[in-house]
>>> print(open('coords-v5.csv').read())   # CSV, C-alpha atoms
chain,number,residue,atom,x,y,z
A,1,MET,CA,137.7,-6.9,68.1
A,2,SER,CA,139.5,-3.6,68.3
A,3,ARG,CA,137.3,-2.0,65.6
A,4,PHE,CA,134.1,-3.3,67.4
A,5,PHE,CA,135.4,-1.8,70.7
A,6,THR,CA,136.1,1.5,69.0
A,7,SER,CA,132.7,1.5,67.4
A,8,GLN,CA,131.0,0.9,70.7
A,9,LEU,CA,133.0,3.7,72.3
A,10,VAL,CA,131.9,6.1,69.6
A,11,ARG,CA,128.2,5.1,70.1
A,12,ILE,CA,128.5,5.6,73.8
A,13,PHE,CA,130.1,9.0,73.2
A,14,TYR,CA,127.3,10.2,71.0
A,15,PHE,CA,124.7,8.8,73.4
A,16,LEU,CA,126.2,10.8,76.2
A,17,LEU,CA,126.5,13.9,74.0
A,18,ILE,CA,122.8,13.7,73.1
A,19,CYS,CA,121.9,13.1,76.8
A,20,GLY,CA,123.9,16.1,77.8
A,21,GLY,CA,122.2,18.3,75.2
A,22,ILE,CA,118.8,17.1,76.4
A,23,TYR,CA,119.8,17.9,80.0
A,24,ILE,CA,120.9,21.5,79.0
A,25,ILE,CA,117.7,22.1,77.1
A,26,LEU,CA,115.5,20.9,80.0
A,27,LYS,CA,117.4,22.9,82.5
A,28,PHE,CA,117.0,26.0,80.3
A,29,LEU,CA,113.3,25.4,80.0
A,30,LEU,CA,112.9,25.0,83.7
A,31,LEU,CA,114.9,28.1,84.3
A,32,SER,CA,112.8,30.0,81.9
A,33,ARG,CA,109.7,28.7,83.6
A,34,LYS,CA,111.0,29.9,87.0
A,35,GLN,CA,111.8,33.4,85.5
A,36,GLU,CA,108.3,33.5,84.0
A,37,ASN,CA,106.8,32.7,87.4
A,38,LEU,CA,109.0,35.3,89.0
A,39,VAL,CA,107.7,38.0,86.6
A,40,ILE,CA,104.1,36.9,87.3
A,41,SER,CA,104.8,37.0,91.0
A,42,ASP,CA,106.2,40.5,90.6
A,43,LEU,CA,103.2,41.7,88.7
A,44,LYS,CA,100.9,40.3,91.4
A,45,ASN,CA,102.9,42.2,94.1
A,46,LEU,CA,103.4,45.4,92.0
A,47,GLN,CA,101.2,47.5,94.3
A,48,GLN,CA,103.1,46.4,97.3
A,49,PHE,CA,106.4,47.1,95.6
A,50,ILE,CA,105.1,50.6,94.6
A,51,ASN,CA,104.1,51.3,98.1
A,52,GLN,CA,107.5,50.4,99.4
A,53,ILE,CA,109.3,52.6,97.0
A,54,GLU,CA,106.8,55.4,97.6
A,55,GLU,CA,107.7,55.2,101.3
A,56,THR,CA,111.4,55.5,100.4
A,57,ASN,CA,110.7,58.5,98.2
A,58,VAL,CA,108.7,60.3,100.9
A,59,GLN,CA,111.6,59.6,103.4
A,60,ARG,CA,114.1,61.2,100.9
A,61,ILE,CA,111.9,64.3,100.4
A,62,THR,CA,111.4,64.6,104.2
A,63,LEU,CA,115.1,64.4,104.8
A,64,VAL,CA,115.8,67.1,102.3
A,65,LYS,CA,113.4,69.5,104.0
A,66,LYS,CA,114.8,68.6,107.4
A,67,ILE,CA,118.4,69.4,106.4
A,68,CYS,CA,117.3,72.6,104.6
A,69,GLU,CA,115.7,73.7,107.8
A,70,LYS,CA,118.7,72.6,109.9
A,71,TYR,CA,120.9,75.0,107.9
A,72,ASN,CA,118.2,77.7,107.4
A,73,LEU,CA,118.3,77.1,103.6
A,74,ASP,CA,114.5,76.7,103.1
A,75,PHE,CA,112.0,79.1,101.6
A,76,TYR,CA,111.9,81.1,104.8
A,77,ASP,CA,115.7,81.8,104.9
A,78,LYS,CA,116.3,85.5,105.1
A,79,ARG,CA,120.0,85.3,105.1
A,80,LYS,CA,120.6,85.5,101.4
A,81,ASN,CA,124.1,86.8,101.9
A,82,ILE,CA,125.4,83.3,102.4
A,83,SER,CA,127.4,83.3,99.1
A,84,LYS,CA,128.1,79.5,99.0
A,85,HIS,CA,124.3,78.8,98.9
A,86,PRO,CA,122.2,79.6,95.9
A,87,SER,CA,119.9,82.5,96.4
A,88,SER,CA,117.7,81.7,93.3
A,89,ILE,CA,116.4,78.7,91.3
A,90,GLN,CA,118.5,77.8,88.3
A,91,TYR,CA,115.7,77.7,85.8
A,92,LYS,CA,118.0,77.5,82.8
A,93,VAL,CA,119.3,74.0,83.7
A,94,PHE,CA,115.9,72.3,83.8
A,95,TYR,CA,114.2,70.3,81.1
A,96,ILE,CA,110.6,71.5,81.5
A,97,GLU,CA,108.5,69.1,79.4
A,98,ARG,CA,105.0,70.7,79.4
A,99,SER,CA,103.0,68.1,77.5
A,100,HIS,CA,103.5,65.6,80.3
A,101,ASN,CA,104.1,68.2,83.0
A,102,ILE,CA,107.6,66.9,84.1
A,103,SER,CA,110.5,69.1,85.1
A,104,LEU,CA,113.9,67.3,85.3
A,105,CYS,CA,117.0,68.7,86.9
A,106,PRO,CA,119.8,67.0,84.9
A,107,ILE,CA,122.8,66.4,87.3
A,108,TYR,CA,125.6,65.3,85.0
A,109,LYS,CA,127.5,62.1,85.9
A,110,SER,CA,124.6,61.2,88.1
A,111,GLY,CA,122.2,59.2,85.9
A,112,SER,CA,120.8,62.2,84.1
A,113,THR,CA,121.1,60.6,80.7
A,114,THR,CA,118.6,57.9,81.7
A,115,TRP,CA,115.9,60.3,82.4
A,116,ILE,CA,116.8,62.6,79.5
A,117,HIS,CA,116.4,59.5,77.3
A,118,ASN,CA,112.9,59.0,78.9
A,119,LEU,CA,111.9,62.5,78.2
A,120,CYS,CA,113.0,62.3,74.6
A,121,SER,CA,111.0,59.1,74.2
A,122,LEU,CA,108.0,60.9,75.5
A,123,MET,CA,108.5,63.6,72.9
A,124,GLY,CA,108.5,61.0,70.1
A,125,ILE,CA,112.2,60.7,69.5
A,126,SER,CA,112.9,57.1,68.2
A,127,GLU,CA,115.4,54.8,69.9
A,128,ASP,CA,117.4,54.6,66.7
A,129,GLU,CA,118.0,58.4,66.8
A,130,LEU,CA,118.7,58.4,70.5
A,131,LEU,CA,121.3,55.6,70.2
A,132,SER,CA,122.8,56.6,66.9
A,133,GLY,CA,125.6,58.5,68.5
A,134,LYS,CA,125.3,61.3,65.9
A,135,GLU,CA,124.3,63.8,68.5
A,136,LEU,CA,124.6,64.0,72.3
A,137,MET,CA,121.5,63.0,74.2
A,138,SER,CA,121.4,66.5,75.8
A,139,THR,CA,121.6,68.2,72.3
A,140,ILE,CA,118.6,66.2,71.1
A,141,ALA,CA,116.7,66.9,74.3
A,142,ARG,CA,117.3,70.7,74.0
A,143,ARG,CA,116.0,70.6,70.4
A,144,VAL,CA,112.7,69.1,71.5
A,145,ILE,CA,112.5,70.7,75.0
A,146,PRO,CA,113.9,74.2,74.6
A,147,ARG,CA,115.0,76.2,77.7
A,148,LEU,CA,112.3,78.5,79.2
A,149,ASP,CA,113.2,81.9,80.5
A,150,TYR,CA,111.9,83.6,83.6
A,151,PRO,CA,109.0,84.3,84.4
A,152,GLU,CA,107.6,81.6,82.0
A,153,ALA,CA,109.9,79.1,83.5
A,154,GLU,CA,108.8,79.9,87.1
A,155,LYS,CA,105.1,79.5,86.1
A,156,ALA,CA,105.8,76.2,84.3
A,157,MET,CA,107.8,74.8,87.2
A,158,LYS,CA,104.9,75.4,89.6
A,159,GLU,CA,102.6,73.4,87.3
A,160,THR,CA,104.9,70.4,86.7
A,161,ILE,CA,106.1,67.4,88.6
A,162,LYS,CA,109.7,67.9,89.7
A,163,LEU,CA,112.3,65.2,89.4
A,164,MET,CA,116.0,64.9,90.2
A,165,VAL,CA,118.5,62.0,90.2
A,166,VAL,CA,121.4,61.9,92.6
A,167,ARG,CA,124.4,59.6,93.2
A,168,HIS,CA,127.0,59.2,95.9
A,169,PRO,CA,128.9,62.5,95.6
A,170,PHE,CA,132.4,60.8,95.6
A,171,GLU,CA,131.3,58.4,92.9
A,172,ARG,CA,130.1,61.2,90.8
A,173,LEU,CA,133.4,63.2,91.2
A,174,LEU,CA,135.3,60.1,90.1
A,175,SER,CA,133.1,59.6,87.1
A,176,ALA,CA,133.6,63.2,86.1
A,177,TYR,CA,137.3,62.9,86.4
A,178,ARG,CA,137.6,59.7,84.4
A,179,ASP,CA,135.2,60.9,81.7
A,180,LYS,CA,136.6,64.5,81.2
A,181,LEU,CA,140.1,64.8,82.5
A,182,GLU,CA,141.9,61.5,82.7
A,183,ASN,CA,142.7,61.2,79.1
A,184,THR,CA,143.4,63.6,76.2
A,185,LEU,CA,141.0,61.7,73.8
A,186,ALA,CA,139.2,63.5,71.1
A,187,GLY,CA,136.2,65.5,72.4
A,188,ARG,CA,137.9,66.3,75.7
A,189,GLU,CA,140.2,69.1,74.4
A,190,ASN,CA,138.1,71.9,75.9
A,191,PHE,CA,138.2,70.3,79.4
A,192,GLN,CA,142.0,69.8,79.2
A,193,LYS,CA,142.5,73.4,78.0
A,194,GLU,CA,140.1,75.0,80.5
A,195,TYR,CA,140.8,72.8,83.6
A,196,GLY,CA,143.4,70.1,83.0
A,197,THR,CA,146.4,72.4,82.1
A,198,ILE,CA,145.6,74.8,84.9
A,199,ILE,CA,145.2,72.0,87.5
A,200,VAL,CA,148.6,70.5,86.5
A,201,GLN,CA,150.4,73.8,86.6
A,202,LYS,CA,149.0,74.7,90.1
A,203,TYR,CA,148.8,71.3,91.9
A,204,ARG,CA,151.5,69.0,90.3
A,205,ASP,CA,153.6,67.6,93.1
A,206,LYS,CA,157.1,66.2,92.6
A,207,ASN,CA,156.0,63.0,94.4
A,208,PHE,CA,153.2,62.6,91.8
A,209,PRO,CA,154.8,63.9,88.6
A,210,SER,CA,152.3,62.4,86.2
A,211,ILE,CA,149.6,59.7,85.9
A,212,ARG,CA,151.2,56.3,86.5
A,213,GLU,CA,149.9,53.0,85.2
A,214,ASN,CA,148.7,51.8,88.6
A,215,GLN,CA,146.7,55.0,89.1
A,216,VAL,CA,144.2,54.4,86.4
A,217,ILE,CA,141.9,51.7,85.0
A,218,ARG,CA,142.4,51.4,81.3
A,219,MET,CA,139.3,51.7,79.2
A,220,LYS,CA,139.1,49.3,76.3
A,221,GLU,CA,140.5,50.4,72.9
A,222,THR,CA,141.7,53.8,74.3
A,223,PRO,CA,145.3,54.9,74.7
A,224,GLY,CA,146.7,55.5,78.2
A,225,PRO,CA,147.1,59.0,79.6
A,226,ALA,CA,149.8,61.0,77.9
A,227,GLY,CA,151.2,62.3,81.1
A,228,ILE,CA,150.1,65.9,80.6
A,229,GLU,CA,146.7,65.3,82.2
A,230,PRO,CA,146.0,66.0,85.9
A,231,THR,CA,146.1,63.0,88.2
A,232,PHE,CA,143.0,62.2,90.3
A,233,ARG,CA,144.9,63.5,93.3
A,234,GLU,CA,145.5,66.8,91.5
A,235,PHE,CA,141.9,67.0,90.5
A,236,ILE,CA,140.8,66.6,94.1
A,237,ASP,CA,143.4,69.2,95.2
A,238,TYR,CA,141.7,71.6,92.8
A,239,LEU,CA,138.2,70.9,94.2
A,240,ILE,CA,139.4,71.3,97.8
A,241,ASN,CA,141.1,74.6,97.1
A,242,THR,CA,138.6,76.1,94.8
A,243,ASP,CA,135.9,78.3,96.2
A,244,LEU,CA,132.4,76.8,96.0
A,245,GLY,CA,131.2,79.9,94.1
A,246,SER,CA,133.6,79.0,91.2
A,247,TYR,CA,132.1,75.5,90.9
A,248,HIS,CA,129.4,77.0,88.7
A,249,SER,CA,131.9,77.1,85.9
A,250,ASP,CA,131.2,73.4,85.2
A,251,ASP,CA,128.1,71.3,85.7
A,252,HIS,CA,130.0,68.0,86.2
A,253,TRP,CA,131.1,68.7,89.8
A,254,ILE,CA,128.9,71.5,91.0
A,255,PRO,CA,127.2,70.4,94.2
A,256,TYR,CA,123.6,69.1,93.9
A,257,TYR,CA,122.2,71.6,96.3
A,258,GLN,CA,123.6,74.5,94.2
A,259,TYR,CA,122.6,73.1,90.9
A,260,CYS,CA,119.1,71.8,91.5
A,261,THR,CA,118.3,74.0,94.5
A,262,PRO,CA,116.3,71.4,96.5
A,263,CYS,CA,115.9,73.9,99.4
A,264,LEU,CA,114.1,76.3,97.1
A,265,LEU,CA,111.9,73.8,95.2
A,266,ASN,CA,109.6,71.1,96.4
A,267,TYR,CA,110.7,68.0,94.5
A,268,ASP,CA,108.1,65.2,94.0
A,269,PHE,CA,110.6,62.5,93.1
A,270,ILE,CA,114.2,61.9,94.2
A,271,ASN,CA,115.7,59.0,92.3
A,272,LYS,CA,119.1,57.6,93.2
A,273,VAL,CA,121.6,56.0,90.8
A,274,GLU,CA,122.1,53.2,93.3
A,275,THR,CA,118.4,52.2,92.9
A,276,LEU,CA,117.6,53.7,89.6
A,277,TRP,CA,115.8,50.8,88.0
A,278,GLN,CA,113.2,50.5,90.8
A,279,ASP,CA,113.0,54.3,91.2
A,280,GLN,CA,112.2,54.6,87.5
A,281,LEU,CA,109.6,51.9,87.7
A,282,PHE,CA,107.9,53.7,90.6
A,283,THR,CA,108.1,57.2,89.0
A,284,ILE,CA,106.8,56.0,85.7
A,285,HIS,CA,103.9,54.1,87.4
A,286,LYS,CA,103.0,57.2,89.6
A,287,LEU,CA,103.1,59.5,86.5
A,288,LYS,CA,100.8,56.9,84.7
A,289,LEU,CA,103.3,56.7,81.8
A,290,ASN,CA,103.5,52.8,81.8
A,291,ASN,CA,102.1,52.6,78.3
A,292,LYS,CA,104.6,55.2,76.9
A,293,ILE,CA,108.0,54.4,78.4
A,294,LYS,CA,109.7,51.6,80.3
A,295,PRO,CA,112.6,51.7,82.8
A,296,HIS,CA,116.0,51.2,81.2
A,297,TRP,CA,119.6,51.4,82.1
A,298,ARG,CA,121.8,53.9,80.2
A,299,ASN,CA,125.1,53.4,82.0
A,300,ASN,CA,126.7,50.9,84.3
A,301,TYR,CA,126.7,53.1,87.5
A,302,GLY,CA,127.6,52.1,91.0
A,303,GLN,CA,130.5,51.5,93.2
A,304,SER,CA,133.3,49.2,92.0
A,305,ASN,CA,136.9,48.5,92.5
A,306,ALA,CA,137.6,51.7,90.7
A,307,SER,CA,136.8,53.7,93.8
A,308,ARG,CA,139.4,51.9,95.8
A,309,ILE,CA,142.1,52.4,93.1
A,310,TYR,CA,141.5,56.1,92.7
A,311,TYR,CA,140.7,57.1,96.3
A,312,SER,CA,143.7,55.2,97.6
A,313,GLN,CA,145.8,57.9,96.0
A,314,LEU,CA,144.5,60.3,98.6
A,315,ASN,CA,145.2,60.6,102.3
A,316,LYS,CA,142.5,60.8,105.0
A,317,ASN,CA,142.9,64.5,105.5
A,318,MET,CA,142.1,65.0,101.8
A,319,ILE,CA,139.1,62.8,102.0
A,320,TYR,CA,137.8,64.8,105.0
A,321,LYS,CA,138.4,68.2,103.2
A,322,LEU,CA,136.6,66.9,100.1
A,323,TYR,CA,133.7,65.7,102.3
A,324,LYS,CA,133.4,69.1,103.9
A,325,LYS,CA,133.1,70.7,100.5
A,326,PHE,CA,130.2,68.4,99.6
A,327,GLN,CA,128.8,67.9,103.1
A,328,LEU,CA,125.4,69.3,102.3
A,329,ASP,CA,125.0,66.9,99.4
A,330,PHE,CA,125.9,64.0,101.7
A,331,GLU,CA,123.4,65.1,104.4
A,332,LEU,CA,120.6,66.1,102.1
A,333,PHE,CA,120.6,62.7,100.3
A,334,ASP,CA,121.7,60.4,103.0
A,335,TYR,CA,125.2,59.4,101.8
A,336,SER,CA,128.2,58.5,103.9
A,337,PRO,CA,131.9,59.1,103.3
A,338,ASP,CA,133.0,56.4,105.8
A,339,GLU,CA,134.1,53.7,103.3
A,340,TYR,CA,136.3,56.2,101.4
A,341,PHE,CA,138.3,56.9,104.5
A,342,ASN,CA,139.2,53.2,104.5
A,343,TYR,CA,140.3,53.5,100.9
A,344,ALA,CA,142.7,56.3,101.6
A,345,THR,CA,146.3,54.9,101.9
A,346,SER,CA,148.6,57.8,100.8
A,347,GLN,CA,150.7,59.2,103.6
A,348,LEU,CA,151.5,62.4,101.7
>>> encode(input="coords-v5.csv", output="structure tokens")
Amino acid sequence: MSRFFTSQLVRIFYFLLICGGIYIILKFLLLSRKQENLVISDLKNLQQFINQIEETNVQRITLVKKICEKYNLDFYDKRKNISKHPSSIQYKVFYIERSHNISLCPIYKSGSTTWIHNLCSLMGISEDELLSGKELMSTIARRVIPRLDYPEAEKAMKETIKLMVVRHPFERLLSAYRDKLENTLAGRENFQKEYGTIIVQKYRDKNFPSIRENQVIRMKETPGPAGIEPTFREFIDYLINTDLGSYHSDDHWIPYYQYCTPCLLNYDFINKVETLWQDQLFTIHKLKLNNKIKPHWRNNYGQSNASRIYYSQLNKNMIYKLYKKFQLDFELFDYSPDEYFNYATSQL
């Protein structure tokens, strides 16, 4: 009797297991069907979607012109003695791709790699080469899209579609710090030597002697800071107390308006990291490049808990001073510092 009962239990168990498997498969098929319908629905409404993003793009371009006029920074500005504002277009920084008539201003730590990838794909560089890691994306791009000098660059810029990608200024600064100064990993030696050591010597406070464990988010499979690197607070002190004219020494934290000179150029597309997927789709569609490249995501950008952890090391006065340094970027591209004032908890 016991064996019979056990045998029946085993049969019931296997029956339930098979039923469960069938249920999971059916659920997966139904989900796939829903996703397929979603894609079809999206395709049917593609033009409506494009129109919506186009309206947003027009609003972004209009805002830039409005703010440039507000501060007399547009083409008609006669006060070229304002040292903190660029007096000429920075042609050397652009990727001017003539075969498809696209000029990209690559703002580092603001999604530039995604569009550099797109340009390289248009130039025939394979995905395997782009993702091999043997060369930096920018190195590959400069090999196939060499810099143009004035006046050739000026002529080319007038004949090409102009594109830039921006990101919340405070998120970009945090990304630059974490990538270049937080750790003494291989490949960052130049940044530590040129900036890190100097920042520590000048701005190290006895209340913040070195980077503490609760001040950083550990990246996988990387050692923690050695203690000789600048803290995020020290990095911000450096930015606050450094003249804007000196920001040109590094492309990772130079303000957008200085680097890409949007008040001296009429940009056709302004993409944002926060909406980069849909902005790419719109831009690619308008440039009629659908059959050549597709939207993709190079990095995991966006606001996260990291912002709270790092900006909580600052006080509200520091946040305000940092905002004033980058105020034009905030106004030109419709970003707000408000949330970061809430992050600030330090009383020092």
>>> closest_residue(input="coords-v5.csv", among="A:His168, A:Ile199, A:Lys180, A:Glu54", to="A:Pro337", atoms="all atoms listed in the file")
A:His168
>>> closest_residue(input="coords-v5.csv", among="A:Val273, A:Leu265, A:Leu289, A:Leu130", to="A:Val166", atoms="only C-alpha atoms")
A:Val273
>>> closest_residue(input="coords-v5.csv", among="A:Phe235, A:Phe330, A:Phe191, A:Phe269", to="A:Ile67", atoms="all atoms listed in the file")
A:Phe330
>>> residues_around(input="coords-v5.csv", residues="A:Tyr177", least_positions_apart="5", cutoff="10 Å", atoms="all atoms listed in the file", output="list in words")
Lys109, Glu171, Arg172, Glu182, Asn183, Pro230, Thr231, Phe232, Phe235, Ile236, His252 and Trp253 of chain A
>>> atom_distance(input="coords-v5.csv", atom1="atom CA of A:Val216", atom2="atom CA of A:Lys202")
21.2 Å
>>> residues_around(input="coords-v5.csv", residues="A:Asn266", least_positions_apart="2", cutoff="9 Å", atoms="all atoms listed in the file", output="count of residues only")
7
>>> closest_residue(input="coords-v5.csv", among="A:Ser99, A:Ile107, A:Gly196, A:Arg60", to="A:Gln258", atoms="only C-alpha atoms")
A:Ile107
>>> atom_distance(input="coords-v5.csv", atom1="atom CA of A:Tyr238", atom2="atom CA of A:Lys325")
11.6 Å
>>> closest_residue(input="coords-v5.csv", among="A:Phe282, A:Tyr310, A:Tyr256, A:Tyr150", to="A:Leu332", atoms="only C-alpha atoms")
A:Tyr256
>>> residues_around(input="coords-v5.csv", residues="A:Ala156", least_positions_apart="3", cutoff="8 Å", atoms="all atoms listed in the file", output="count of residues only")
6
>>> residues_around(input="coords-v5.csv", residues="A:Met164", least_positions_apart="6", cutoff="6 Å", atoms="all atoms listed in the file", output="number ranges by chain")
A: 104-105, 270
>>> write_last_selection(input="coords-v5.csv", atoms="C-alpha atoms", output="PDB file, in the frame of the given file")
ATOM      1  CA  LEU A 104     113.900  67.300  85.300  1.00  0.00           C
ATOM      2  CA  CYS A 105     117.000  68.700  86.900  1.00  0.00           C
ATOM      3  CA  ILE A 270     114.200  61.900  94.200  1.00  0.00           C
TER       4      ILE A 270
END
>>> atom_distance(input="coords-v5.csv", atom1="atom CA of A:Asp334", atom2="atom CA of A:Ser88")
23.7 Å
>>> residues_around(input="coords-v5.csv", residues="A:Cys120", least_positions_apart="6", cutoff="9 Å", atoms="only C-alpha atoms", output="mmCIF file with C-alpha atoms, keeping the file's coordinate frame")
data_model
loop_
_atom_site.group_PDB
_atom_site.id
_atom_site.type_symbol
_atom_site.label_atom_id
_atom_site.label_comp_id
_atom_site.auth_asym_id
_atom_site.auth_seq_id
_atom_site.Cartn_x
_atom_site.Cartn_y
_atom_site.Cartn_z
ATOM 1 C CA SER A 126 112.900 57.100 68.200
ATOM 2 C CA LEU A 130 118.700 58.400 70.500
ATOM 3 C CA MET A 137 121.500 63.000 74.200
ATOM 4 C CA ILE A 140 118.600 66.200 71.100
ATOM 5 C CA ALA A 141 116.700 66.900 74.300
ATOM 6 C CA VAL A 144 112.700 69.100 71.500
ATOM 7 C CA ILE A 145 112.500 70.700 75.000
#
>>> closest_residue(input="coords-v5.csv", among="A:Gln327, A:Ile293, A:Leu322, A:Asp279", to="A:His117", atoms="all atoms listed in the file")
A:Ile293
